[in-house]
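A.B. asks: Provided below: run.cif, containing mmCIF, C-alpha atoms and all ligand atoms.
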```cif
data_run
loop_
_atom_site.label_atom_id
_atom_site.label_comp_id
_atom_site.auth_asym_id
_atom_site.auth_seq_id
_atom_site.Cartn_x
_atom_site.Cartn_y
_atom_site.Cartn_z
CA MET A 1 -52.66 5.69 148.65
CA ASP A 2 -55.45 7.24 146.58
CA VAL A 3 -54.92 6.95 142.82
CA ARG A 4 -56.91 8.10 139.76
CA ALA A 5 -57.92 5.33 137.46
CA ALA A 6 -60.29 4.56 134.60
CA VAL A 7 -62.34 1.65 135.93
CA ALA A 8 -64.11 -0.92 133.75
CA THR A 9 -67.10 -1.71 135.94
CA LYS A 10 -68.84 -4.13 133.58
CA ALA A 11 -68.62 -5.42 130.00
CA GLY A 12 -69.78 -2.97 127.38
CA ALA A 13 -70.05 0.03 129.73
CA PRO A 14 -67.88 3.14 129.34
CA LEU A 15 -64.93 3.43 131.72
CA THR A 16 -65.46 5.69 134.71
CA ILE A 17 -62.77 7.89 136.25
CA GLU A 18 -62.57 7.01 139.92
CA THR A 19 -60.47 7.51 143.01
CA VAL A 20 -59.18 4.05 143.86
CA GLN A 21 -57.12 2.87 146.82
CA LEU A 22 -53.80 1.27 145.91
CA GLU A 23 -51.82 -0.75 148.42
CA GLY A 24 -48.00 -0.45 148.31
CA PRO A 25 -45.75 -3.09 146.74
CA ARG A 26 -45.33 -6.42 148.51
CA ALA A 27 -42.27 -8.67 148.14
CA GLY A 28 -41.06 -8.85 144.54
CA GLU A 29 -43.37 -6.01 143.48
CA VAL A 30 -42.82 -2.44 142.34
CA LEU A 31 -44.97 0.71 142.61
CA VAL A 32 -44.88 2.60 139.30
CA GLU A 33 -46.18 6.08 138.52
CA ILE A 34 -47.69 5.73 135.04
CA LYS A 35 -47.05 8.81 132.91
CA ALA A 36 -48.70 7.69 129.67
CA SER A 37 -50.57 4.71 128.24
CA GLY A 38 -51.58 3.72 124.73
CA VAL A 39 -55.04 2.30 124.10
CA CYS A 40 -54.80 -1.00 122.19
CA HIS A 41 -57.60 -2.86 120.42
CA THR A 42 -57.17 -5.61 123.03
CA ASP A 43 -58.40 -3.20 125.73
CA LEU A 44 -61.52 -2.61 123.63
CA PHE A 45 -61.85 -6.37 123.04
CA THR A 46 -61.79 -7.11 126.78
CA LEU A 47 -64.13 -4.24 127.60
CA SER A 48 -66.59 -5.53 124.98
CA GLY A 49 -67.04 -8.77 126.94
CA ASP A 50 -65.61 -10.98 124.16
CA ASP A 51 -62.48 -11.92 126.14
CA PRO A 52 -62.88 -15.30 127.90
CA GLU A 53 -60.48 -13.95 130.52
CA GLY A 54 -62.26 -10.60 130.88
CA LEU A 55 -63.09 -9.87 134.52
CA PHE A 56 -64.85 -6.89 136.09
CA PRO A 57 -64.49 -4.53 137.86
CA ALA A 58 -60.95 -4.08 136.62
CA ILE A 59 -58.42 -1.45 135.65
CA LEU A 60 -57.51 -2.10 132.01
CA GLY A 61 -54.47 -0.84 130.08
CA HIS A 62 -51.31 -2.68 129.09
CA GLU A 63 -49.30 -0.20 127.00
CA GLY A 64 -47.80 2.13 129.59
CA ALA A 65 -44.59 3.87 130.57
CA GLY A 66 -43.64 5.47 133.87
CA VAL A 67 -41.28 5.86 136.80
CA VAL A 68 -40.52 3.55 139.72
CA VAL A 69 -41.70 5.10 143.00
CA GLU A 70 -41.09 2.33 145.53
CA VAL A 71 -39.82 -1.25 145.48
CA GLY A 72 -40.99 -4.13 147.66
CA ALA A 73 -38.78 -6.50 149.66
CA GLY A 74 -36.33 -8.52 147.62
CA VAL A 75 -36.46 -6.34 144.50
CA THR A 76 -32.89 -6.03 143.23
CA THR A 77 -33.02 -4.93 139.59
CA LEU A 78 -34.98 -1.68 139.96
CA LYS A 79 -34.86 1.38 142.23
CA PRO A 80 -36.98 4.51 142.72
CA GLY A 81 -36.50 6.91 139.82
CA ASP A 82 -35.91 4.23 137.18
CA HIS A 83 -37.95 4.65 133.98
CA VAL A 84 -39.89 1.53 133.05
CA ILE A 85 -42.33 -0.06 130.64
CA PRO A 86 -44.70 -2.64 132.21
CA LEU A 87 -44.75 -6.01 130.44
CA TYR A 88 -47.89 -8.11 130.03
CA THR A 89 -45.53 -10.85 128.94
CA PRO A 90 -42.95 -10.94 131.76
CA GLU A 91 -39.45 -12.35 131.56
CA CYS A 92 -38.48 -14.14 134.77
CA ARG A 93 -35.44 -15.85 133.18
CA THR A 94 -35.90 -18.85 135.49
CA CYS A 95 -39.11 -20.68 134.50
CA SER A 96 -38.88 -23.64 132.13
CA TYR A 97 -40.39 -21.55 129.32
CA CYS A 98 -37.76 -18.81 129.66
CA LEU A 99 -34.97 -21.35 130.03
CA SER A 100 -36.14 -23.29 126.95
CA ARG A 101 -35.15 -20.32 124.71
CA LYS A 102 -37.94 -21.58 122.44
CA THR A 103 -40.60 -19.02 123.42
CA ASN A 104 -41.12 -15.59 124.94
CA LEU A 105 -44.18 -16.84 126.85
CA CYS A 106 -42.78 -16.71 130.40
CA GLN A 107 -45.24 -18.63 132.58
CA ALA A 108 -43.97 -17.52 136.01
CA ILE A 109 -47.11 -15.51 136.83
CA ARG A 110 -49.45 -16.29 133.90
CA GLU A 111 -52.12 -18.03 135.99
CA THR A 112 -52.61 -15.22 138.54
CA GLN A 113 -52.34 -12.62 135.77
CA GLY A 114 -55.27 -14.29 134.00
CA ARG A 115 -57.31 -14.09 137.24
CA GLY A 116 -56.65 -10.36 137.62
CA VAL A 117 -54.54 -10.66 140.74
CA MET A 118 -50.91 -10.29 141.79
CA PRO A 119 -48.72 -13.42 142.11
CA ASP A 120 -49.78 -13.87 145.77
CA GLY A 121 -53.41 -14.16 144.65
CA THR A 122 -54.65 -10.77 145.88
CA SER A 123 -55.35 -7.41 144.24
CA ARG A 124 -53.62 -4.18 145.28
CA PHE A 125 -56.62 -2.08 144.11
CA LYS A 126 -59.78 -1.42 146.14
CA MET A 127 -62.74 0.90 145.65
CA GLY A 128 -65.32 1.51 148.36
CA GLY A 129 -63.69 -1.32 150.32
CA LYS A 130 -64.23 -3.82 147.47
CA GLU A 131 -61.53 -5.44 145.34
CA VAL A 132 -60.88 -4.06 141.86
CA LEU A 133 -58.95 -6.44 139.61
CA HIS A 134 -55.69 -5.95 137.74
CA TYR A 135 -55.57 -6.55 133.96
CA MET A 136 -52.83 -8.37 132.06
CA GLY A 137 -50.62 -7.81 135.10
CA THR A 138 -50.20 -4.14 134.18
CA SER A 139 -53.34 -1.96 134.70
CA THR A 140 -51.83 1.10 133.08
CA PHE A 141 -55.08 3.13 132.98
CA SER A 142 -54.20 4.34 136.49
CA ASN A 143 -51.73 7.06 137.48
CA TYR A 144 -50.09 4.54 139.84
CA THR A 145 -49.98 0.76 139.55
CA VAL A 146 -48.18 -2.15 141.18
CA VAL A 147 -46.35 -4.58 138.90
CA PRO A 148 -44.09 -7.58 139.62
CA GLU A 149 -40.38 -6.84 139.16
CA ILE A 150 -40.15 -9.52 136.43
CA ALA A 151 -42.77 -7.63 134.42
CA LEU A 152 -40.90 -4.33 134.12
CA ALA A 153 -38.40 -3.36 131.44
CA LYS A 154 -35.96 -0.65 132.55
CA ILE A 155 -35.56 1.95 129.80
CA ARG A 156 -33.35 4.99 129.18
CA GLU A 157 -34.40 8.19 130.94
CA ASP A 158 -34.39 10.50 127.91
CA ALA A 159 -37.15 8.55 126.11
CA PRO A 160 -40.51 10.42 126.02
CA PHE A 161 -43.18 8.49 127.93
CA GLU A 162 -46.05 9.50 125.64
CA LYS A 163 -44.23 7.92 122.67
CA VAL A 164 -42.41 4.89 124.05
CA CYS A 165 -45.44 3.63 125.97
CA TYR A 166 -46.53 2.23 122.56
CA ILE A 167 -43.51 -0.12 122.70
CA GLY A 168 -45.30 -1.79 125.64
CA CYS A 169 -47.53 -3.52 123.08
CA GLY A 170 -48.22 -2.35 119.52
CA VAL A 171 -44.74 -1.50 118.25
CA THR A 172 -43.09 -4.59 119.72
CA THR A 173 -45.97 -6.86 118.67
CA GLY A 174 -45.88 -5.73 115.03
CA ILE A 175 -42.15 -5.39 114.42
CA GLY A 176 -41.37 -8.42 116.60
CA ALA A 177 -43.83 -10.67 114.72
CA VAL A 178 -41.90 -9.94 111.52
CA ILE A 179 -38.39 -10.24 112.92
CA ASN A 180 -38.68 -12.76 115.77
CA THR A 181 -41.64 -14.95 114.80
CA ALA A 182 -41.89 -14.98 111.01
CA LYS A 183 -38.23 -14.14 110.39
CA VAL A 184 -39.02 -12.34 107.12
CA GLN A 185 -36.01 -12.34 104.79
CA PRO A 186 -34.79 -9.71 102.30
CA GLY A 187 -36.74 -10.05 99.03
CA ASP A 188 -39.76 -11.79 100.60
CA ASN A 189 -43.28 -10.81 99.55
CA VAL A 190 -45.55 -9.97 102.49
CA ILE A 191 -49.31 -9.46 102.86
CA VAL A 192 -50.67 -7.71 105.95
CA PHE A 193 -54.37 -7.93 106.80
CA GLY A 194 -55.43 -4.92 108.91
CA LEU A 195 -53.51 -1.64 108.86
CA GLY A 196 -54.20 -0.38 112.38
CA GLY A 197 -51.93 0.08 115.37
CA ILE A 198 -50.45 -3.40 114.95
CA GLY A 199 -50.57 -3.87 111.17
CA LEU A 200 -48.69 -0.63 110.45
CA ASN A 201 -45.89 -1.85 112.71
CA VAL A 202 -45.84 -5.12 110.77
CA ILE A 203 -45.46 -3.02 107.60
CA GLN A 204 -42.63 -1.10 109.26
CA GLY A 205 -40.98 -4.36 110.37
CA ALA A 206 -41.29 -5.84 106.86
CA ARG A 207 -39.56 -2.77 105.40
CA ILE A 208 -36.75 -3.05 107.96
CA ALA A 209 -36.40 -6.76 107.12
CA GLY A 210 -35.95 -5.86 103.43
CA ALA A 211 -39.20 -7.29 102.08
CA ASP A 212 -39.92 -6.75 98.39
CA MET A 213 -43.71 -6.45 97.92
CA ILE A 214 -45.50 -5.26 101.06
CA VAL A 215 -49.23 -5.59 100.40
CA GLY A 216 -51.76 -4.18 102.87
CA VAL A 217 -55.42 -5.26 102.99
CA ASP A 218 -57.96 -3.07 104.79
CA ILE A 219 -61.52 -1.84 104.38
CA ASN A 220 -60.58 1.69 105.46
CA PRO A 221 -59.16 3.57 102.45
CA ALA A 222 -57.76 6.25 104.78
CA ARG A 223 -55.13 3.71 105.89
CA GLU A 224 -53.35 3.66 102.52
CA ALA A 225 -51.44 6.97 102.66
CA LEU A 226 -49.98 6.38 106.12
CA ALA A 227 -49.15 2.76 105.33
CA ARG A 228 -47.18 3.87 102.25
CA LYS A 229 -45.09 6.11 104.50
CA PHE A 230 -44.21 2.99 106.53
CA GLY A 231 -43.22 0.86 103.52
CA LEU A 232 -46.46 -0.39 101.93
CA THR A 233 -46.05 -1.00 98.20
CA HIS A 234 -49.59 -2.17 97.28
CA PHE A 235 -52.91 -1.31 98.96
CA VAL A 236 -55.94 -3.57 98.56
CA ASN A 237 -59.33 -2.30 99.68
CA SER A 238 -60.97 -5.67 100.17
CA LYS A 239 -64.44 -4.12 99.79
CA GLU A 240 -63.55 -3.17 96.24
CA VAL A 241 -62.16 -6.52 95.10
CA GLU A 242 -64.55 -8.26 92.76
CA GLY A 243 -64.56 -12.02 93.17
CA ASP A 244 -62.42 -14.05 95.52
CA LEU A 245 -59.95 -12.01 97.63
CA VAL A 246 -57.58 -14.96 98.06
CA GLN A 247 -57.32 -15.52 94.30
CA TYR A 248 -56.77 -11.80 93.80
CA LEU A 249 -53.91 -11.73 96.32
CA VAL A 250 -52.35 -14.92 94.95
CA GLY A 251 -52.40 -13.30 91.52
CA LEU A 252 -50.95 -10.03 92.79
CA THR A 253 -48.04 -11.82 94.46
CA LYS A 254 -47.56 -14.23 91.54
CA GLY A 255 -48.32 -17.43 93.40
CA GLY A 256 -48.88 -16.28 96.98
CA ALA A 257 -46.90 -14.43 99.62
CA ASP A 258 -43.87 -15.75 101.46
CA HIS A 259 -45.41 -14.31 104.64
CA THR A 260 -48.88 -13.14 105.60
CA PHE A 261 -50.01 -11.56 108.88
CA GLU A 262 -53.52 -11.27 110.29
CA CYS A 263 -53.75 -8.12 112.45
CA ILE A 264 -57.52 -7.81 112.96
CA GLY A 265 -58.84 -10.70 115.03
CA ASN A 266 -61.32 -12.00 112.42
CA VAL A 267 -61.29 -15.79 111.97
CA LYS A 268 -62.53 -15.57 108.36
CA LEU A 269 -59.64 -13.29 107.49
CA MET A 270 -57.23 -15.61 109.33
CA ARG A 271 -58.29 -18.31 106.87
CA GLN A 272 -57.84 -15.98 103.89
CA ALA A 273 -54.42 -14.94 105.20
CA LEU A 274 -53.35 -18.59 105.37
CA GLU A 275 -54.72 -19.42 101.95
CA CYS A 276 -52.97 -16.56 100.14
CA ALA A 277 -49.61 -17.71 101.51
CA HIS A 278 -47.45 -19.38 98.86
CA LYS A 279 -47.98 -23.10 98.21
CA GLY A 280 -45.01 -25.14 99.43
CA TRP A 281 -43.49 -22.60 101.82
CA GLY A 282 -45.74 -19.62 102.68
CA LYS A 283 -46.08 -18.86 106.39
CA SER A 284 -49.09 -17.15 107.90
CA THR A 285 -48.78 -15.52 111.31
CA ILE A 286 -51.89 -14.78 113.39
CA ILE A 287 -51.56 -11.70 115.60
CA GLY A 288 -55.23 -10.69 115.92
CA VAL A 289 -57.15 -11.84 118.98
CA ALA A 290 -60.53 -13.48 118.34
CA GLY A 291 -63.48 -13.56 120.72
CA ALA A 292 -64.72 -16.33 122.97
CA GLY A 293 -66.08 -19.29 121.04
CA GLN A 294 -64.49 -18.34 117.70
CA GLU A 295 -62.50 -20.98 115.85
CA ILE A 296 -60.32 -21.06 112.75
CA ALA A 297 -60.90 -23.46 109.88
CA THR A 298 -59.25 -24.38 106.61
CA ARG A 299 -58.90 -27.44 104.38
CA PRO A 300 -56.07 -29.52 105.83
CA PHE A 301 -54.85 -29.70 102.20
CA GLN A 302 -53.73 -26.08 102.61
CA LEU A 303 -51.22 -27.27 105.21
CA VAL A 304 -50.43 -30.58 103.51
CA THR A 305 -49.29 -28.53 100.54
CA GLY A 306 -46.71 -26.70 102.58
CA ARG A 307 -48.30 -23.62 104.08
CA VAL A 308 -47.51 -23.03 107.77
CA TRP A 309 -49.99 -21.51 110.25
CA GLN A 310 -48.54 -19.96 113.40
CA GLY A 311 -49.23 -17.23 115.95
CA SER A 312 -47.28 -14.51 117.66
CA ALA A 313 -47.77 -12.98 121.12
CA PHE A 314 -46.02 -9.70 121.99
CA GLY A 315 -44.01 -10.16 118.80
CA GLY A 316 -42.09 -13.05 120.27
CA ALA A 317 -40.19 -10.47 122.34
CA ARG A 318 -38.53 -11.13 125.67
CA GLY A 319 -39.54 -7.87 127.26
CA ARG A 320 -36.82 -7.08 129.79
CA THR A 321 -34.17 -7.86 127.19
CA ASP A 322 -35.77 -6.59 123.97
CA VAL A 323 -37.93 -3.60 124.99
CA PRO A 324 -34.96 -1.38 126.06
CA LYS A 325 -33.37 -2.11 122.66
CA ILE A 326 -36.54 -1.12 120.80
CA VAL A 327 -36.62 2.11 122.83
CA ASP A 328 -33.04 2.70 121.60
CA TRP A 329 -34.14 2.08 117.98
CA TYR A 330 -36.80 4.77 118.42
CA MET A 331 -34.40 7.23 120.02
CA GLU A 332 -31.86 6.59 117.24
CA GLY A 333 -34.50 7.27 114.55
CA LYS A 334 -34.49 3.68 113.27
CA ILE A 335 -38.24 3.23 113.75
CA ASN A 336 -41.12 5.68 113.42
CA ILE A 337 -43.55 5.88 116.31
CA ASP A 338 -44.53 9.56 116.16
CA ASP A 339 -46.67 9.27 113.01
CA LEU A 340 -48.69 6.41 114.50
CA ILE A 341 -49.69 8.30 117.64
CA THR A 342 -52.55 10.23 116.15
CA HIS A 343 -54.24 11.38 119.38
CA VAL A 344 -53.04 12.33 122.88
CA MET A 345 -55.58 13.13 125.60
CA PRO A 346 -55.88 13.27 129.38
CA ILE A 347 -57.08 10.10 131.12
CA ASP A 348 -60.46 11.79 131.73
CA LYS A 349 -61.11 11.55 127.97
CA ILE A 350 -60.25 7.85 127.68
CA ASN A 351 -63.69 6.90 126.37
CA ASP A 352 -63.01 9.19 123.39
CA ALA A 353 -59.93 7.07 122.65
CA PHE A 354 -62.12 3.94 122.48
CA GLN A 355 -64.61 5.73 120.21
CA LEU A 356 -61.86 6.99 117.86
CA MET A 357 -60.62 3.40 117.53
CA LYS A 358 -64.12 2.07 116.80
CA ASP A 359 -64.66 4.82 114.21
CA GLY A 360 -61.37 4.00 112.47
CA THR A 361 -60.22 7.60 113.01
CA SER A 362 -57.17 6.94 115.20
CA ILE A 363 -54.18 4.68 114.83
CA ARG A 364 -53.03 4.99 118.42
CA SER A 365 -54.45 7.20 121.12
CA VAL A 366 -52.28 7.82 124.16
CA VAL A 367 -53.75 8.92 127.47
CA THR A 368 -51.64 10.99 129.86
CA PHE A 369 -51.93 11.54 133.61
P1 LIG B 401 -56.94 -1.47 115.18
O1 LIG B 401 -58.37 -1.29 115.49
O2 LIG B 401 -56.01 -0.32 115.34
O3 LIG B 401 -56.75 -1.98 113.68
C1 LIG B 401 -57.56 -2.93 113.06
C2 LIG B 401 -57.53 -2.68 111.55
O4 LIG B 401 -58.26 -3.72 110.91
C3 LIG B 401 -58.19 -1.36 111.13
O5 LIG B 401 -57.36 -0.65 110.23
C4 LIG B 401 -59.48 -1.81 110.45
O6 LIG B 401 -59.92 -0.92 109.43
C5 LIG B 401 -59.06 -3.16 109.88
N1 LIG B 401 -60.18 -4.04 109.61
C6 LIG B 401 -61.27 -4.29 110.38
N2 LIG B 401 -62.08 -5.18 109.78
C7 LIG B 401 -61.50 -5.51 108.60
C8 LIG B 401 -61.86 -6.38 107.53
N3 LIG B 401 -62.98 -7.09 107.56
N4 LIG B 401 -61.02 -6.48 106.48
C9 LIG B 401 -59.86 -5.77 106.44
N5 LIG B 401 -59.48 -4.91 107.43
C10 LIG B 401 -60.29 -4.79 108.48
O7 LIG B 401 -56.44 -2.68 116.09
P2 LIG B 401 -54.95 -3.01 116.56
O8 LIG B 401 -54.64 -2.30 117.83
O9 LIG B 401 -54.06 -2.86 115.39
O10 LIG B 401 -55.11 -4.57 116.93
C11 LIG B 401 -55.33 -5.51 115.90
C12 LIG B 401 -55.54 -6.89 116.49
O11 LIG B 401 -54.33 -7.37 117.09
C13 LIG B 401 -56.60 -6.95 117.59
O12 LIG B 401 -57.30 -8.18 117.46
C14 LIG B 401 -55.77 -6.97 118.85
O13 LIG B 401 -56.46 -7.51 119.94
C15 LIG B 401 -54.60 -7.82 118.41
N6 LIG B 401 -53.36 -7.73 119.17
C16 LIG B 401 -52.65 -8.88 119.35
C17 LIG B 401 -51.43 -8.86 120.00
C18 LIG B 401 -50.62 -10.11 120.16
O14 LIG B 401 -49.66 -10.09 120.92
N7 LIG B 401 -50.95 -11.17 119.47
C19 LIG B 401 -50.94 -7.65 120.52
C20 LIG B 401 -51.69 -6.49 120.29
C21 LIG B 401 -52.90 -6.55 119.63
N1 LIG B 402 -57.30 -13.51 127.06
C1 LIG B 402 -57.57 -13.91 125.69
C2 LIG B 402 -56.39 -13.84 124.79
C3 LIG B 402 -55.81 -12.46 124.71
C4 LIG B 402 -54.50 -12.55 123.98
O1 LIG B 402 -54.34 -13.35 123.05
N2 LIG B 402 -53.55 -11.76 124.38
C5 LIG B 402 -52.28 -11.65 123.68
C6 LIG B 402 -51.79 -10.27 123.85
S1 LIG B 402 -52.87 -9.08 123.14
C7 LIG B 402 -52.10 -7.65 123.55
O2 LIG B 402 -52.75 -6.63 123.00
C8 LIG B 402 -51.22 -12.54 124.31
O3 LIG B 402 -50.04 -12.22 124.41
N3 LIG B 402 -51.57 -13.69 124.70
C9 LIG B 402 -50.67 -14.60 125.34
C10 LIG B 402 -51.16 -14.90 126.73
O4 LIG B 402 -50.50 -15.67 127.42
O5 LIG B 402 -52.18 -14.31 127.11
C11 LIG B 402 -58.21 -15.29 125.64
O6 LIG B 402 -58.59 -15.68 124.52
O7 LIG B 402 -58.36 -15.90 126.69
ZN ZN B 403 -52.12 -4.63 123.06
#
```
Using the file provided, produce a representation of the structure as structure tokens.
C.D. replies:
Amino acid sequence: MDVRAAVATKAGAPLTIETVQLEGPRAGEVLVEIKASGVCHTDLFTLSGDDPEGLFPAILGHEGAGVVVEVGAGVTTLKPGDHVIPLYTPECRTCSYCLSRKTNLCQAIRETQGRGVMPDGTSRFKMGGKEVLHYMGTSTFSNYTVVPEIALAKIREDAPFEKVCYIGCGVTTGIGAVINTAKVQPGDNVIVFGLGGIGLNVIQGARIAGADMIVGVDINPAREALARKFGLTHFVNSKEVEGDLVQYLVGLTKGGADHTFECIGNVKLMRQALECAHKGWGKSTIIGVAGAGQEIATRPFQLVTGRVWQGSAFGGARGRTDVPKIVDWYMEGKINIDDLITHVMPIDKINDAFQLMKDGTSIRSVVTF
């Protein structure tokens, strides 16, 4: 079938809206009509050319929501009409990673996903007779996409697509990092570096977890007011701090934070986030994604003296199990998504969404089809 998609033809170039040919679902696959998709910083990161796994031409997008149109042979858990959120971290429930119960990083299809193809090694997308690659196993910047059954969370039908699509990445990543990965406890002090689409969800998660001080660090002063609405208690504009930022934050939290989170993707800030965690027990969780060739560094003494450095992917969430619950939280008013979706636009305007993110004007833009 012909579909309308925003195609990333090469690194650094704007996306172009194209008519692309999409083959139907093969065994174990599902055809989904995408109704809405958020634009995450990771899409911008891959488009920039900094992603070691970035391949072109490809259809980006990994924060979508839509409706099942057709299922391939052997698909048993979904049927046409079901509402779904595609998962860039699938949950097969049978691989050794899933069965370990120690991680959410299902590996059933990770290798082919990283090569931009479906589990059988081929792409379902073609343009002008040539293959166009999938992205993160989801490719939600297309009005139709094909996704493996194990990478779809079935959600309730009364949830608005243009809001809950954000649960496909940003909401789950931020809140999940606090609850599943860091396991923030009531009364903990928390520092969040970067108050964008992910960091504000970390703030929201910290408030839900009952954190005491919730400190946000950003260079964009416009982030303070919204962050306060989500639970921020102290805003630090790092551009305005005289002297060493780490010492300032250690002083502010009277010895360092119980938990810190890096939500930017800057390796220098990852180091600062570690070093302002409390001596003896502070944990620092890296969420931000850094470009090819970048490495983190610190004095090993920082770890010897009890700080813990860890990372979190998709908030440690097991998507088919956890995403429907997070949709329920939203529908029950337990979490706020509406105030974070600052812009909604048709897919034709998707390059504006990337520009708004670069300018620091948007928190989340959602494109609709
Ligand atoms: P965003 O652009 O919405 O937010 C980034 C924020 O960082 C902005 O508020 C910006 O002002 C701030 N910032 C930039 N430079 C700064 C600096 N030097 N000091 C302080 N603040 C600074 O991006 P996002 O969508 O929130 O994504 C954040 C990061 O998380 C990206 O690296 C993204 O790729 C990554 N990410 C990771 C996962 C995961 O599963 N680990 C999931 C989603 C996104
Ligand atoms: N491809 C990059 C890494 C990108 C990355 O870290 N992705 C995160 C999700 S970001 C969503 O916005 C992730 O979950 N990674 C786990 C995984 O298995 O990809 C690189 O550096 O190669
Ligand atoms: Zn994302």
A.B. asks: For the interface of range 177-212 of chain A with range 285-301 of chain A (cut-off 12 Å, counting only C-alpha atoms), please tabulate each contacting residue of range 177-212 of chain A alongside its nearest pair of atoms and their separation in Å to one decimal, rows sorted by chain and increasing number, as a tab-separated table.
C.D. replies:
```
residue	atom	partner	partner_atom	distance
A:Ala177	CA	A:Thr285	CA	7.7
A:Val178	CA	A:Thr285	CA	8.9
A:Ile179	CA	A:Thr285	CA	11.8
A:Asn180	CA	A:Thr285	CA	11.4
A:Thr181	CA	A:Thr285	CA	8.0
A:Ala182	CA	A:Thr285	CA	6.9
A:Lys183	CA	A:Thr285	CA	10.7
A:Val184	CA	A:Thr285	CA	11.1
A:Val190	CA	A:Thr285	CA	10.9
A:Ile191	CA	A:Thr285	CA	10.4
A:Val192	CA	A:Thr285	CA	9.7
A:Phe193	CA	A:Gly288	CA	9.6
A:Gly194	CA	A:Gly288	CA	9.1
A:Leu195	CA	A:Gly288	CA	11.6
A:Gly196	CA	A:Gly288	CA	10.9
A:Gly197	CA	A:Gly288	CA	11.3
A:Ile198	CA	A:Ile287	CA	8.4
A:Gly199	CA	A:Ile287	CA	9.1
A:Asn201	CA	A:Ile287	CA	11.7
A:Val202	CA	A:Ile287	CA	10.0
```
A.B. asks: Given the selection you just returned, output its residues as a file containing C-alpha atoms, formatted as a PDB file, keeping the file's coordinate frame.
C.D. replies:
```
ATOM      1  CA  ALA A 177     -43.830 -10.670 114.720  1.00  0.00           C
ATOM      2  CA  VAL A 178     -41.900  -9.940 111.520  1.00  0.00           C
ATOM      3  CA  ILE A 179     -38.390 -10.240 112.920  1.00  0.00           C
ATOM      4  CA  ASN A 180     -38.680 -12.760 115.770  1.00  0.00           C
ATOM      5  CA  THR A 181     -41.640 -14.950 114.800  1.00  0.00           C
ATOM      6  CA  ALA A 182     -41.890 -14.980 111.010  1.00  0.00           C
ATOM      7  CA  LYS A 183     -38.230 -14.140 110.390  1.00  0.00           C
ATOM      8  CA  VAL A 184     -39.020 -12.340 107.120  1.00  0.00           C
ATOM      9  CA  VAL A 190     -45.550  -9.970 102.490  1.00  0.00           C
ATOM     10  CA  ILE A 191     -49.310  -9.460 102.860  1.00  0.00           C
ATOM     11  CA  VAL A 192     -50.670  -7.710 105.950  1.00  0.00           C
ATOM     12  CA  PHE A 193     -54.370  -7.930 106.800  1.00  0.00           C
ATOM     13  CA  GLY A 194     -55.430  -4.920 108.910  1.00  0.00           C
ATOM     14  CA  LEU A 195     -53.510  -1.640 108.860  1.00  0.00           C
ATOM     15  CA  GLY A 196     -54.200  -0.380 112.380  1.00  0.00           C
ATOM     16  CA  GLY A 197     -51.930   0.080 115.370  1.00  0.00           C
ATOM     17  CA  ILE A 198     -50.450  -3.400 114.950  1.00  0.00           C
ATOM     18  CA  GLY A 199     -50.570  -3.870 111.170  1.00  0.00           C
ATOM     19  CA  ASN A 201     -45.890  -1.850 112.710  1.00  0.00           C
ATOM     20  CA  VAL A 202     -45.840  -5.120 110.770  1.00  0.00           C
TER      21      VAL A 202
END
```
A.B. asks: Smallest atom-to-atom distance to ligand LIG 402 (chain B): which of A:Thr94, A:Phe314, A:Trp281, A:Ile175, using only C-alpha atoms and all ligand atoms?
C.D. replies: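 Once distances to ligand LIG 402 (chain B) are computed over only C-alpha atoms and all ligand atoms, the minimum belongs to A:Phe314.
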A.B. asks: Report as JSON lines the residues of range 317-339 of chain A within 12 Å of range 206-219 of chain A, each with its shortest atom pair and distance in Å (one decimal), using all atoms listed in the file, ordered by chain and increasing residue number.
C.D. replies:
```
{"residue": "A:Trp329", "atom": "CA", "partner": "A:Ile208", "partner_atom": "CA", "distance": 11.6}
{"residue": "A:Lys334", "atom": "CA", "partner": "A:Ile208", "partner_atom": "CA", "distance": 8.9}
{"residue": "A:Ile335", "atom": "CA", "partner": "A:Ile208", "partner_atom": "CA", "distance": 8.7}
{"residue": "A:Asn336", "atom": "CA", "partner": "A:Ile208", "partner_atom": "CA", "distance": 11.2}
```
A.B. asks: Step by step, measure atom-to-atom distances between ligand LIG 402 (chain B) and each residue using all atoms listed in the file, keep those at most 7 Å, then write them as number ranges by chain.
C.D. replies: A: 40-42, 51-54, 89, 105, 110, 169, 289-292, 313-314
A.B. asks: Using CA of Ala6 in chain A and CA of Arg223 in chain A as the two end points, give the distance in Å to one decimal.
C.D. replies: 29.2 Å
A.B. asks: Restricting the calculation to all atoms listed in the file, which member of A:His62, A:Arg26, A:Lys10, A:Lys325 is positioned closest to ligand ZN 403 (chain B)?
C.D. replies: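 The closest residue to ligand ZN 403 (chain B) is A:His62.
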A.B. asks: Draw an axis-aligned box tight on the listed atoms of range 161-165 of chain A, then pad every side by 8 Å and write out centre and edge lengths in Å to one decimal as AutoDock Vina command-line options.
C.D. replies:
```
--center_x -44.2 --center_y 6.6 --center_z 125.3 --size_x 19.6 --size_y 21.9 --size_z 21.3
```
A.B. asks: To one decimal place in Å, what is the distance between CA of Leu55 in chain A and CA of Ser123 in chain A?
C.D. replies: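 Answer for the CA of Leu55 in chain A to CA of Ser123 in chain A separation: 12.7 Å.
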A.B. asks: Identify which of the residues A:Val267, A:Leu356, A:Ile337, A:Val84 lies closest to Pro324 in chain A, counting all atoms listed in the file when measuring atom-to-atom distances.
C.D. replies: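 Answer, going by the shortest atom-to-atom distance: A:Val84.
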